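File shown here: entry-v6.txt, holding compact mmCIF, C-alpha atoms.
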# COMPACT_ATOMS: atom_id res chain seq x y z
CA MET A 1 21.24 -5.73 -11.43
CA THR A 2 20.42 -8.94 -13.32
CA THR A 3 22.78 -11.81 -13.89
CA THR A 4 22.80 -15.49 -14.73
CA THR A 5 24.52 -18.11 -12.62
CA LEU A 6 24.79 -21.87 -12.64
CA ALA A 7 21.43 -22.05 -10.89
CA ASP A 8 19.86 -19.87 -13.62
CA GLN A 9 18.42 -17.33 -11.23
CA THR A 10 17.50 -13.85 -12.45
CA THR A 11 18.36 -11.95 -9.27
CA ALA A 12 21.96 -11.28 -8.27
CA ARG A 13 23.09 -13.07 -5.12
CA ARG A 14 25.04 -10.96 -2.67
CA LEU A 15 27.11 -12.38 0.20
CA SER A 16 28.37 -10.38 3.16
CA GLY A 17 30.47 -11.84 5.96
CA PHE A 18 31.24 -10.54 9.46
CA LYS A 19 33.87 -12.03 11.76
CA PRO A 20 33.00 -12.26 15.50
CA THR A 21 36.37 -11.07 16.77
CA GLY A 22 34.96 -7.79 18.09
CA ARG A 23 31.85 -5.64 18.16
CA LEU A 24 30.44 -4.11 15.00
CA HIS A 25 31.44 -0.50 14.43
CA LEU A 26 30.36 2.44 12.30
CA GLY A 27 32.63 1.42 9.43
CA ASN A 28 30.87 -1.96 9.25
CA TYR A 29 27.50 -0.27 9.15
CA LEU A 30 28.24 2.40 6.54
CA GLY A 31 30.52 0.28 4.40
CA ALA A 32 28.71 -3.06 4.38
CA ILE A 33 25.42 -3.30 6.26
CA ARG A 34 23.50 -0.29 5.01
CA PRO A 35 24.44 -0.77 1.33
CA MET A 36 23.09 -4.30 1.62
CA LEU A 37 19.84 -3.05 3.16
CA ASP A 38 19.52 -0.49 0.38
CA ASP A 39 19.93 -3.03 -2.41
CA ILE A 40 16.45 -4.47 -2.56
CA GLY A 41 17.15 -5.98 -5.98
CA ALA A 42 19.66 -8.52 -4.66
CA GLU A 43 19.16 -11.87 -2.98
CA SER A 44 21.23 -11.31 0.16
CA THR A 45 23.00 -13.78 2.40
CA VAL A 46 24.77 -12.70 5.58
CA MET A 47 27.31 -15.01 7.21
CA ILE A 48 28.81 -14.78 10.68
CA ALA A 49 32.30 -16.09 9.91
CA ASP A 50 33.19 -17.71 13.22
CA LEU A 51 35.61 -20.19 11.63
CA HIS A 52 37.75 -17.23 10.57
CA ALA A 53 37.98 -16.15 14.20
CA LEU A 54 40.03 -19.29 14.93
CA THR A 55 43.04 -18.02 12.96
CA ILE A 56 44.22 -16.07 16.03
CA GLU A 57 44.46 -16.72 19.77
CA HIS A 58 40.94 -16.52 21.19
CA ASP A 59 38.84 -17.29 24.23
CA PRO A 60 36.11 -19.86 23.42
CA ASP A 61 33.51 -18.32 25.74
CA ARG A 62 34.14 -14.85 24.30
CA LEU A 63 33.83 -16.21 20.77
CA ARG A 64 30.43 -17.70 21.58
CA SER A 65 29.33 -14.45 23.25
CA LEU A 66 30.48 -12.29 20.34
CA THR A 67 28.76 -14.60 17.86
CA LEU A 68 25.45 -14.17 19.68
CA GLU A 69 25.96 -10.41 19.99
CA LEU A 70 26.78 -10.15 16.29
CA LEU A 71 23.66 -12.08 15.34
CA ALA A 72 21.48 -9.77 17.44
CA THR A 73 23.23 -6.63 16.18
CA LEU A 74 22.81 -7.55 12.52
CA LEU A 75 19.11 -8.16 13.08
CA ALA A 76 18.85 -4.90 14.99
CA CYS A 77 20.42 -3.03 12.08
CA GLY A 78 17.45 -4.03 9.97
CA ILE A 79 18.35 -7.35 8.40
CA ASP A 80 15.13 -9.25 7.80
CA ALA A 81 15.66 -12.94 8.49
CA ASP A 82 12.64 -13.78 6.30
CA SER A 83 14.02 -12.16 3.14
CA THR A 84 17.74 -12.49 3.95
CA THR A 85 19.53 -15.71 4.81
CA LEU A 86 21.41 -15.06 8.05
CA TYR A 87 23.51 -17.89 9.44
CA VAL A 88 26.63 -18.88 11.38
CA GLN A 89 29.43 -20.35 9.27
CA SER A 90 30.32 -23.27 11.56
CA ASP A 91 26.68 -24.46 11.45
CA VAL A 92 27.24 -25.35 7.77
CA PRO A 93 29.96 -28.05 7.52
CA GLU A 94 30.05 -27.73 3.73
CA HIS A 95 32.25 -24.65 4.18
CA ALA A 96 35.07 -26.82 5.51
CA GLU A 97 34.50 -29.52 2.89
CA LEU A 98 34.66 -27.12 -0.03
CA HIS A 99 37.65 -25.40 1.59
CA TYR A 100 39.72 -28.55 1.17
CA LEU A 101 38.63 -29.06 -2.44
CA LEU A 102 39.67 -25.51 -3.27
CA GLU A 103 43.01 -25.94 -1.50
CA CYS A 104 43.66 -28.67 -4.05
CA ALA A 105 43.28 -26.05 -6.79
CA THR A 106 45.31 -23.29 -5.09
CA GLY A 107 49.07 -22.77 -5.05
CA TYR A 108 51.05 -22.16 -1.88
CA GLY A 109 52.48 -18.97 -3.36
CA GLU A 110 49.00 -17.57 -3.96
CA ALA A 111 48.07 -17.95 -0.31
CA ALA A 112 51.45 -16.87 1.06
CA ARG A 113 51.45 -13.56 -0.79
CA MET A 114 48.25 -12.36 0.89
CA ILE A 115 49.11 -9.11 2.66
CA GLN A 116 47.66 -9.98 6.06
CA PHE A 117 49.56 -13.26 6.24
CA ARG A 118 52.83 -11.65 5.17
CA GLN A 119 52.49 -8.92 7.77
CA LYS A 120 51.81 -11.27 10.67
CA ALA A 121 54.25 -13.97 9.54
CA SER A 122 57.07 -11.42 9.54
CA GLY A 123 56.46 -10.54 13.20
CA PRO A 124 57.84 -12.18 16.35
CA GLU A 125 54.63 -13.96 17.36
CA PRO A 126 53.86 -17.52 16.18
CA VAL A 127 51.43 -17.73 13.27
CA ARG A 128 48.77 -20.43 12.89
CA LEU A 129 48.57 -22.42 9.67
CA SER A 130 44.92 -21.42 9.39
CA LEU A 131 46.03 -17.82 8.85
CA LEU A 132 47.79 -18.95 5.67
CA THR A 133 44.82 -20.92 4.37
CA TYR A 134 41.92 -18.76 5.50
CA PRO A 135 41.78 -16.78 2.21
CA VAL A 136 41.00 -20.14 0.57
CA LEU A 137 38.27 -20.69 3.16
CA MET A 138 37.00 -17.24 2.27
CA ALA A 139 36.91 -18.32 -1.37
CA ALA A 140 34.93 -21.39 -0.31
CA ASP A 141 32.50 -19.18 1.61
CA ILE A 142 31.81 -17.17 -1.54
CA LEU A 143 31.75 -19.97 -4.10
CA LEU A 144 29.69 -22.29 -1.91
CA LEU A 145 26.63 -20.08 -2.26
CA ASP A 146 27.01 -19.06 -5.93
CA ALA A 147 27.54 -15.44 -4.88
CA ASP A 148 27.54 -12.95 -7.75
CA ASP A 149 28.36 -9.82 -5.75
CA VAL A 150 30.59 -9.52 -2.69
CA PRO A 151 30.86 -6.17 -0.86
CA VAL A 152 34.51 -5.62 0.04
CA GLY A 153 36.63 -2.94 1.60
CA ASP A 154 39.99 -2.03 0.16
CA ASP A 155 41.78 -4.43 2.53
CA GLN A 156 39.76 -7.43 1.28
CA THR A 157 40.10 -6.84 -2.47
CA GLN A 158 43.13 -9.13 -2.70
CA HIS A 159 41.21 -11.98 -1.08
CA LEU A 160 38.30 -11.62 -3.47
CA GLU A 161 40.71 -11.66 -6.40
CA LEU A 162 42.03 -14.98 -5.09
CA ALA A 163 38.47 -16.33 -5.00
CA ARG A 164 37.98 -15.23 -8.61
CA ASP A 165 41.27 -16.82 -9.67
CA VAL A 166 40.49 -20.11 -7.95
CA ALA A 167 36.97 -20.22 -9.42
CA ASN A 168 38.23 -19.57 -12.93
CA ARG A 169 41.01 -22.17 -12.58
CA PHE A 170 38.62 -24.80 -11.21
CA ASN A 171 36.11 -24.08 -13.98
CA THR A 172 38.82 -24.33 -16.65
CA ARG A 173 40.36 -27.56 -15.35
CA TYR A 174 37.27 -29.48 -14.29
CA GLY A 175 34.34 -27.91 -16.14
CA ARG A 176 32.12 -24.97 -15.26
CA THR A 177 31.33 -25.42 -11.58
CA PHE A 178 31.38 -22.06 -9.81
CA THR A 179 29.95 -18.60 -10.32
CA VAL A 180 32.82 -16.10 -10.56
CA PRO A 181 32.08 -13.33 -8.03
CA ARG A 182 32.31 -9.58 -8.57
CA PRO A 183 33.54 -7.02 -6.00
CA VAL A 184 31.12 -4.32 -4.88
CA HIS A 185 32.44 -1.09 -3.35
CA PRO A 186 30.19 1.41 -1.54
CA ARG A 187 30.05 4.85 -3.15
CA VAL A 188 31.24 6.62 0.01
CA ALA A 189 32.66 5.53 3.36
CA SER A 190 34.21 2.33 1.99
CA ARG A 191 37.07 3.04 4.41
CA VAL A 192 35.87 4.81 7.53
CA MET A 193 39.09 5.78 9.26
CA ASP A 194 40.07 5.66 12.92
CA LEU A 195 39.06 8.91 14.64
CA ALA A 196 42.22 8.92 16.75
CA ASP A 197 44.52 7.94 13.88
CA PRO A 198 43.00 8.79 10.48
CA SER A 199 45.88 7.09 8.69
CA GLY A 200 44.37 3.72 9.66
CA LYS A 201 41.02 2.12 9.00
CA MET A 202 38.42 2.03 11.78
CA GLY A 203 38.43 -1.50 13.10
CA LYS A 204 41.23 -4.04 12.86
CA SER A 205 43.97 -1.44 12.53
CA SER A 206 42.76 0.45 15.61
CA THR A 207 44.92 0.01 18.70
CA VAL A 208 42.62 1.79 21.17
CA ASP A 209 38.86 2.18 21.45
CA ALA A 210 39.11 5.99 21.38
CA GLY A 211 39.10 5.98 17.59
CA LEU A 212 36.26 3.49 17.18
CA ILE A 213 32.54 4.17 17.17
CA TYR A 214 30.81 0.93 18.05
CA LEU A 215 27.19 0.48 17.02
CA LEU A 216 26.26 -0.11 20.66
CA ASP A 217 28.18 2.87 22.09
CA ARG A 218 26.04 5.08 24.31
CA PRO A 219 25.35 8.62 23.01
CA GLU A 220 27.60 10.32 25.56
CA LEU A 221 30.49 8.04 24.56
CA VAL A 222 29.93 8.77 20.87
CA ARG A 223 30.04 12.50 21.54
CA ARG A 224 33.21 12.20 23.59
CA LYS A 225 35.01 10.15 20.95
CA VAL A 226 34.02 12.49 18.12
CA SER A 227 34.98 15.58 20.13
CA ARG A 228 38.48 14.15 20.51
CA ALA A 229 38.84 13.14 16.85
CA VAL A 230 42.13 14.15 15.27
CA THR A 231 41.91 17.02 12.78
CA ASP A 232 44.75 19.49 12.02
CA SER A 233 45.88 22.98 12.93
CA ASP A 234 44.89 25.12 9.92
CA GLY A 235 41.16 25.38 10.77
CA VAL A 236 40.01 25.01 7.15
CA ILE A 237 37.13 22.65 6.47
CA ALA A 238 37.75 21.00 3.10
CA TYR A 239 37.46 17.50 1.70
CA ASP A 240 41.05 16.52 0.92
CA PRO A 241 41.84 12.96 2.13
CA TYR A 242 45.56 13.29 1.40
CA ARG A 243 46.28 16.68 2.98
CA LYS A 244 43.52 16.69 5.60
CA PRO A 245 42.77 13.04 6.48
CA GLY A 246 41.14 13.72 9.87
CA VAL A 247 38.75 16.41 8.65
CA SER A 248 38.01 14.44 5.49
CA ASN A 249 37.15 11.37 7.54
CA LEU A 250 34.60 13.35 9.58
CA LEU A 251 33.12 14.78 6.39
CA GLU A 252 32.89 11.33 4.82
CA ILE A 253 31.11 9.91 7.86
CA LEU A 254 28.64 12.79 7.88
CA ALA A 255 28.09 12.54 4.14
CA ALA A 256 27.55 8.79 4.28
CA CYS A 257 24.96 9.08 7.04
CA HIS A 258 23.07 11.71 5.05
CA ARG A 259 23.70 10.04 1.67
CA GLU A 260 25.51 13.07 0.26
CA GLU A 261 28.92 13.91 -1.17
CA PRO A 262 31.65 14.94 1.31
CA SER A 263 32.72 17.95 -0.73
CA LEU A 264 29.16 19.32 -0.64
CA VAL A 265 28.85 18.75 3.10
CA ALA A 266 32.08 20.65 3.77
CA VAL A 267 30.72 24.06 2.77
CA ARG A 268 28.09 24.03 5.54
CA TYR A 269 30.47 24.28 8.48
CA ARG A 270 32.71 27.12 9.64
CA SER A 271 34.70 25.51 12.44
CA TYR A 272 35.97 22.12 13.52
CA THR A 273 33.87 22.34 16.67
CA GLU A 274 30.71 22.88 14.64
CA LEU A 275 31.63 20.01 12.32
CA LYS A 276 32.32 17.61 15.19
CA GLU A 277 29.05 18.45 16.89
CA ALA A 278 27.16 17.76 13.67
CA VAL A 279 28.98 14.46 13.16
CA ALA A 280 28.34 13.33 16.73
CA GLU A 281 24.62 14.11 16.67
CA THR A 282 24.21 12.50 13.27
CA ILE A 283 25.89 9.30 14.47
CA VAL A 284 23.78 9.23 17.64
CA ASP A 285 20.58 9.63 15.60
CA THR A 286 21.69 7.00 13.09
CA LEU A 287 22.47 4.40 15.77
CA ALA A 288 19.48 5.00 18.05
CA PRO A 289 17.02 2.63 16.29
CA THR A 290 19.61 -0.14 16.17
CA GLN A 291 20.38 0.17 19.87
CA ARG A 292 16.70 0.09 20.86
CA ARG A 293 16.06 -3.03 18.78
CA TYR A 294 19.22 -4.74 20.03
CA ALA A 295 18.09 -4.40 23.65
CA GLU A 296 14.91 -6.27 22.76
CA LEU A 297 16.62 -9.01 20.73
CA ILE A 298 19.47 -9.87 23.06
CA ALA A 299 16.94 -10.59 25.82
CA ASP A 300 15.20 -13.24 23.67
CA ARG A 301 17.72 -16.06 23.38
CA ALA A 302 15.15 -18.56 22.11
CA TYR A 303 14.31 -16.31 19.16
CA LEU A 304 17.99 -15.84 18.28
CA ASP A 305 18.61 -19.59 18.46
CA GLU A 306 15.68 -20.20 16.10
CA ILE A 307 16.93 -17.61 13.61
CA ARG A 308 20.32 -19.32 13.68
CA ARG A 309 18.83 -22.77 13.15
CA LEU A 310 16.63 -21.71 10.26
CA GLY A 311 19.49 -19.81 8.62
CA ALA A 312 21.73 -22.87 8.68
CA GLN A 313 18.95 -25.04 7.32
CA ARG A 314 18.31 -22.72 4.38
CA THR A 315 22.01 -22.37 3.64
CA ARG A 316 22.78 -26.07 3.70
CA GLU A 317 20.23 -26.76 0.98
CA ARG A 318 22.25 -24.72 -1.51
CA ALA A 319 25.64 -25.61 -0.03
CA GLN A 320 25.08 -29.35 -0.40
CA ARG A 321 24.26 -28.91 -4.08
CA THR A 322 27.42 -26.89 -4.66
CA VAL A 323 29.67 -29.39 -2.89
CA ALA A 324 28.13 -32.28 -4.80
CA ARG A 325 28.74 -30.40 -8.06
CA ALA A 326 32.35 -29.70 -7.12
CA LYS A 327 33.01 -33.30 -6.04
CA ARG A 328 31.68 -34.64 -9.32
CA ALA A 329 33.79 -32.17 -11.29
CA ILE A 330 37.03 -32.94 -9.45
CA GLY A 331 36.55 -36.70 -9.66
CA LEU A 332 35.29 -37.72 -6.22
CA ALA A 333 31.75 -38.71 -7.21
CA ALA A 334 30.07 -40.20 -10.24
Full structure transcribed into structure tokens:
Amino acid sequence: MTTTTLADQTTARRLSGFKPTGRLHLGNYLGAIRPMLDDIGAESTVMIADLHALTIEHDPDRLRSLTLELLATLLACGIDADSTTLYVQSDVPEHAELHYLLECATGYGEAARMIQFRQKASGPEPVRLSLLTYPVLMAADILLLDADDVPVGDDQTQHLELARDVANRFNTRYGRTFTVPRPVHPRVASRVMDLADPSGKMGKSSTVDAGLIYLLDRPELVRRKVSRAVTDSDGVIAYDPYRKPGVSNLLEILAACHREEPSLVAVRYRSYTELKEAVAETIVDTLAPTQRRYAELIADRAYLDEIRRLGAQRTRERAQRTVARAKRAIGLAA
């Protein structure tokens, strides 16, 4: 894919972000990480969005630990820190600076209608102000780095649309300043569902670990979780997400790992037991290289710290140019 941005580059820039509020799971890998590794024609940036983790109650030590684990896991998945910019969001203060500038071009109603904020604000628990404004911070994350393409799941589409709206409004009012990003959806497995509750997405919507396959889960745990995956009672293997969500989820996972279509995979299996065994072994084989590499990386703290430092340094070079451009456009600098 070839595009032109404000910086006049000829290669599309792709930004992916991961929040250190939990361990990476299979849905992250199939829906976001592997498509990025496959797209050798894009200039990729990967951000560990630790500022977004502050929108909810959190333990500081756990946040630091999860940030380090996430950095090591992303590298273990195959992200090359030489060809891909990998950094931690809070190491680049321009994110917060651009966030405020974009808040000055965003309406309260736009932020308040975001689904995640509305859901949590309607509950009994107190809600932090940062939960209301974090979609604008997400817009700043994207626009700061002139991202052309942003891989998103279905639950993040609304946030990317806000980023597009804010970019277009800012460009119209103050002159062309930002690249307007495009959403990118993976061909399959864009929503890997919870194994224990296939009506919900694997990850944030999961209430128990039984439905989650973490990238660092041991093989015996993967097999146990898959063996207990919810299916149905009719015994028919068919790809039908509406009538057979549990079976269809297993087929989609298997198809994504093998880079095939779920409907074609379905004809190979005669029983749910046979299907589950195939899914479990495929997941174990898919995750094995990542787990081996992770064990090496997490033991080398100095290397991880250096990767983090270099990533922030590379990112700030572009981020400072974008903030300067935005400040001039909005009237803060000559």
_I'd like the contact shell of A:Thr231 - 10 Å cut-off, all atoms listed in the file, skipping same-chain residues fewer than 5 positions apart - returned as number ranges by chain._
A: 195-198, 236-237, 244-250, 272, 276
Could you save those same residues with C-alpha atoms as a PDB file, in the coordinates of the input?
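Result went into again_11.pdb, see below:
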ATOM      1  CA  LEU A 195      39.060   8.910  14.640  1.00  0.00           C
ATOM      2  CA  ALA A 196      42.220   8.920  16.750  1.00  0.00           C
ATOM      3  CA  ASP A 197      44.520   7.940  13.880  1.00  0.00           C
ATOM      4  CA  PRO A 198      43.000   8.790  10.480  1.00  0.00           C
ATOM      5  CA  VAL A 236      40.010  25.010   7.150  1.00  0.00           C
ATOM      6  CA  ILE A 237      37.130  22.650   6.470  1.00  0.00           C
ATOM      7  CA  LYS A 244      43.520  16.690   5.600  1.00  0.00           C
ATOM      8  CA  PRO A 245      42.770  13.040   6.480  1.00  0.00           C
ATOM      9  CA  GLY A 246      41.140  13.720   9.870  1.00  0.00           C
ATOM     10  CA  VAL A 247      38.750  16.410   8.650  1.00  0.00           C
ATOM     11  CA  SER A 248      38.010  14.440   5.490  1.00  0.00           C
ATOM     12  CA  ASN A 249      37.150  11.370   7.540  1.00  0.00           C
ATOM     13  CA  LEU A 250      34.600  13.350   9.580  1.00  0.00           C
ATOM     14  CA  TYR A 272      35.970  22.120  13.520  1.00  0.00           C
ATOM     15  CA  LYS A 276      32.320  17.610  15.190  1.00  0.00           C
TER      16      LYS A 276
END
Using only C-alpha atoms and a cutoff of 7 Å, can you tell me which residues are near (13.9, -9.5, 0.0) in the file's coordinates, and write them out as JSON, numbers by chain?
{"A": [40, 43, 83, 84]}
Quiz item: Near A:Phe18, within 9 Å and counting only C-alpha atoms, which residues show up once chain neighbours fewer than 2 positions away are dropped, as an MDAnalysis selection string?
Solution: chainID A and resid 16 20:21 24 28 46:50 70
Among listed residues A:Arg128, A:Arg309, A:Lys327, A:Arg259, nearest A:Leu71 (using all atoms listed in the file):
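With all atoms listed in the file as the atom set, the closest residue is A:Arg309.
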ask   = Around (31.1, 16.3, -2.4) in the file's own coordinates, what residues are found within 10 Å if you use all atoms listed in the file, given back as a PyMOL selection string?
value = chain A and resi 188+238-239+251-252+255+260-267
For A:Thr282, which of A:Leu254, A:Ile115, A:Ala312, A:Leu101 is the closest residue, counting all atoms listed in the file?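 Closest to A:Thr282 of all the choices is A:Leu254.
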Expressed in Å, the length from atom CA of A:Ile330 to atom CA of A:Arg176 is 11.0 Å
Original post:
When distances are computed from only C-alpha atoms, which of A:Thr179, A:Ala112, A:Pro126, A:Gly203 shows the smallest separation from A:Gln158?
Top reply: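 Result for the nearest residue to A:Gln158: A:Ala112.
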Step by step, gather every atom of stretch 85-89 of chain A that the file lists, find the box along x, y and z that holds them, add 6 Å on each side, and finally give centre and edge lengths in Å to one decimal, as lines of an AutoDock Vina configuration file.
center_x = 24.5
center_y = -17.7
center_z = 8.1
size_x = 21.9
size_y = 17.3
size_z = 18.6
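The coordinates place atom CA of A:Glu57 at 27.5 Å from atom CA of A:Gly311.
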Complete the atom set of stretch 36-54 of chain A to N, CA and C atoms and return it as a PDB file, in the coordinates of the input.
ATOM      1  N   MET A  36      23.828  -3.060   1.845  1.00  0.00           N
ATOM      2  CA  MET A  36      23.090  -4.300   1.620  1.00  0.00           C
ATOM      3  C   MET A  36      21.598  -4.093   1.859  1.00  0.00           C
ATOM      4  N   LEU A  37      21.257  -3.326   2.885  1.00  0.00           N
ATOM      5  CA  LEU A  37      19.840  -3.050   3.160  1.00  0.00           C
ATOM      6  C   LEU A  37      19.227  -2.215   2.044  1.00  0.00           C
ATOM      7  N   ASP A  38      20.030  -1.345   1.449  1.00  0.00           N
ATOM      8  CA  ASP A  38      19.520  -0.490   0.380  1.00  0.00           C
ATOM      9  C   ASP A  38      19.271  -1.240  -0.913  1.00  0.00           C
ATOM     10  N   ASP A  39      20.004  -2.318  -1.140  1.00  0.00           N
ATOM     11  CA  ASP A  39      19.930  -3.030  -2.410  1.00  0.00           C
ATOM     12  C   ASP A  39      18.797  -4.053  -2.369  1.00  0.00           C
ATOM     13  N   ILE A  40      17.607  -3.578  -2.624  1.00  0.00           N
ATOM     14  CA  ILE A  40      16.450  -4.470  -2.560  1.00  0.00           C
ATOM     15  C   ILE A  40      16.359  -5.386  -3.775  1.00  0.00           C
ATOM     16  N   GLY A  41      17.185  -5.141  -4.785  1.00  0.00           N
ATOM     17  CA  GLY A  41      17.150  -5.980  -5.980  1.00  0.00           C
ATOM     18  C   GLY A  41      18.030  -7.202  -5.898  1.00  0.00           C
ATOM     19  N   ALA A  42      18.761  -7.383  -4.799  1.00  0.00           N
ATOM     20  CA  ALA A  42      19.660  -8.520  -4.660  1.00  0.00           C
ATOM     21  C   ALA A  42      19.099  -9.555  -3.702  1.00  0.00           C
ATOM     22  N   GLU A  43      19.483 -10.796  -3.906  1.00  0.00           N
ATOM     23  CA  GLU A  43      19.160 -11.870  -2.980  1.00  0.00           C
ATOM     24  C   GLU A  43      20.324 -11.954  -1.989  1.00  0.00           C
ATOM     25  N   SER A  44      20.133 -11.484  -0.778  1.00  0.00           N
ATOM     26  CA  SER A  44      21.230 -11.310   0.160  1.00  0.00           C
ATOM     27  C   SER A  44      21.387 -12.478   1.124  1.00  0.00           C
ATOM     28  N   THR A  45      22.637 -12.811   1.370  1.00  0.00           N
ATOM     29  CA  THR A  45      23.000 -13.780   2.400  1.00  0.00           C
ATOM     30  C   THR A  45      24.029 -13.125   3.310  1.00  0.00           C
ATOM     31  N   VAL A  46      23.849 -13.273   4.607  1.00  0.00           N
ATOM     32  CA  VAL A  46      24.770 -12.700   5.580  1.00  0.00           C
ATOM     33  C   VAL A  46      25.318 -13.831   6.445  1.00  0.00           C
ATOM     34  N   MET A  47      26.631 -13.927   6.493  1.00  0.00           N
ATOM     35  CA  MET A  47      27.310 -15.010   7.210  1.00  0.00           C
ATOM     36  C   MET A  47      28.104 -14.448   8.377  1.00  0.00           C
ATOM     37  N   ILE A  48      27.953 -15.079   9.530  1.00  0.00           N
ATOM     38  CA  ILE A  48      28.810 -14.780  10.680  1.00  0.00           C
ATOM     39  C   ILE A  48      29.970 -15.765  10.616  1.00  0.00           C
ATOM     40  N   ALA A  49      31.151 -15.252  10.264  1.00  0.00           N
ATOM     41  CA  ALA A  49      32.300 -16.090   9.910  1.00  0.00           C
ATOM     42  C   ALA A  49      33.095 -16.487  11.148  1.00  0.00           C
ATOM     43  N   ASP A  50      32.510 -17.348  11.976  1.00  0.00           N
ATOM     44  CA  ASP A  50      33.190 -17.710  13.220  1.00  0.00           C
ATOM     45  C   ASP A  50      34.396 -18.611  12.996  1.00  0.00           C
ATOM     46  N   LEU A  51      34.434 -19.377  11.910  1.00  0.00           N
ATOM     47  CA  LEU A  51      35.610 -20.190  11.630  1.00  0.00           C
ATOM     48  C   LEU A  51      36.840 -19.309  11.391  1.00  0.00           C
ATOM     49  N   HIS A  52      36.628 -18.134  10.814  1.00  0.00           N
ATOM     50  CA  HIS A  52      37.750 -17.230  10.570  1.00  0.00           C
ATOM     51  C   HIS A  52      38.313 -16.673  11.881  1.00  0.00           C
ATOM     52  N   ALA A  53      37.513 -16.661  12.915  1.00  0.00           N
ATOM     53  CA  ALA A  53      37.980 -16.150  14.200  1.00  0.00           C
ATOM     54  C   ALA A  53      38.990 -17.096  14.858  1.00  0.00           C
ATOM     55  N   LEU A  54      39.122 -18.314  14.342  1.00  0.00           N
ATOM     56  CA  LEU A  54      40.030 -19.290  14.930  1.00  0.00           C
ATOM     57  C   LEU A  54      41.457 -19.134  14.423  1.00  0.00           C
TER      58      LEU A  54
END
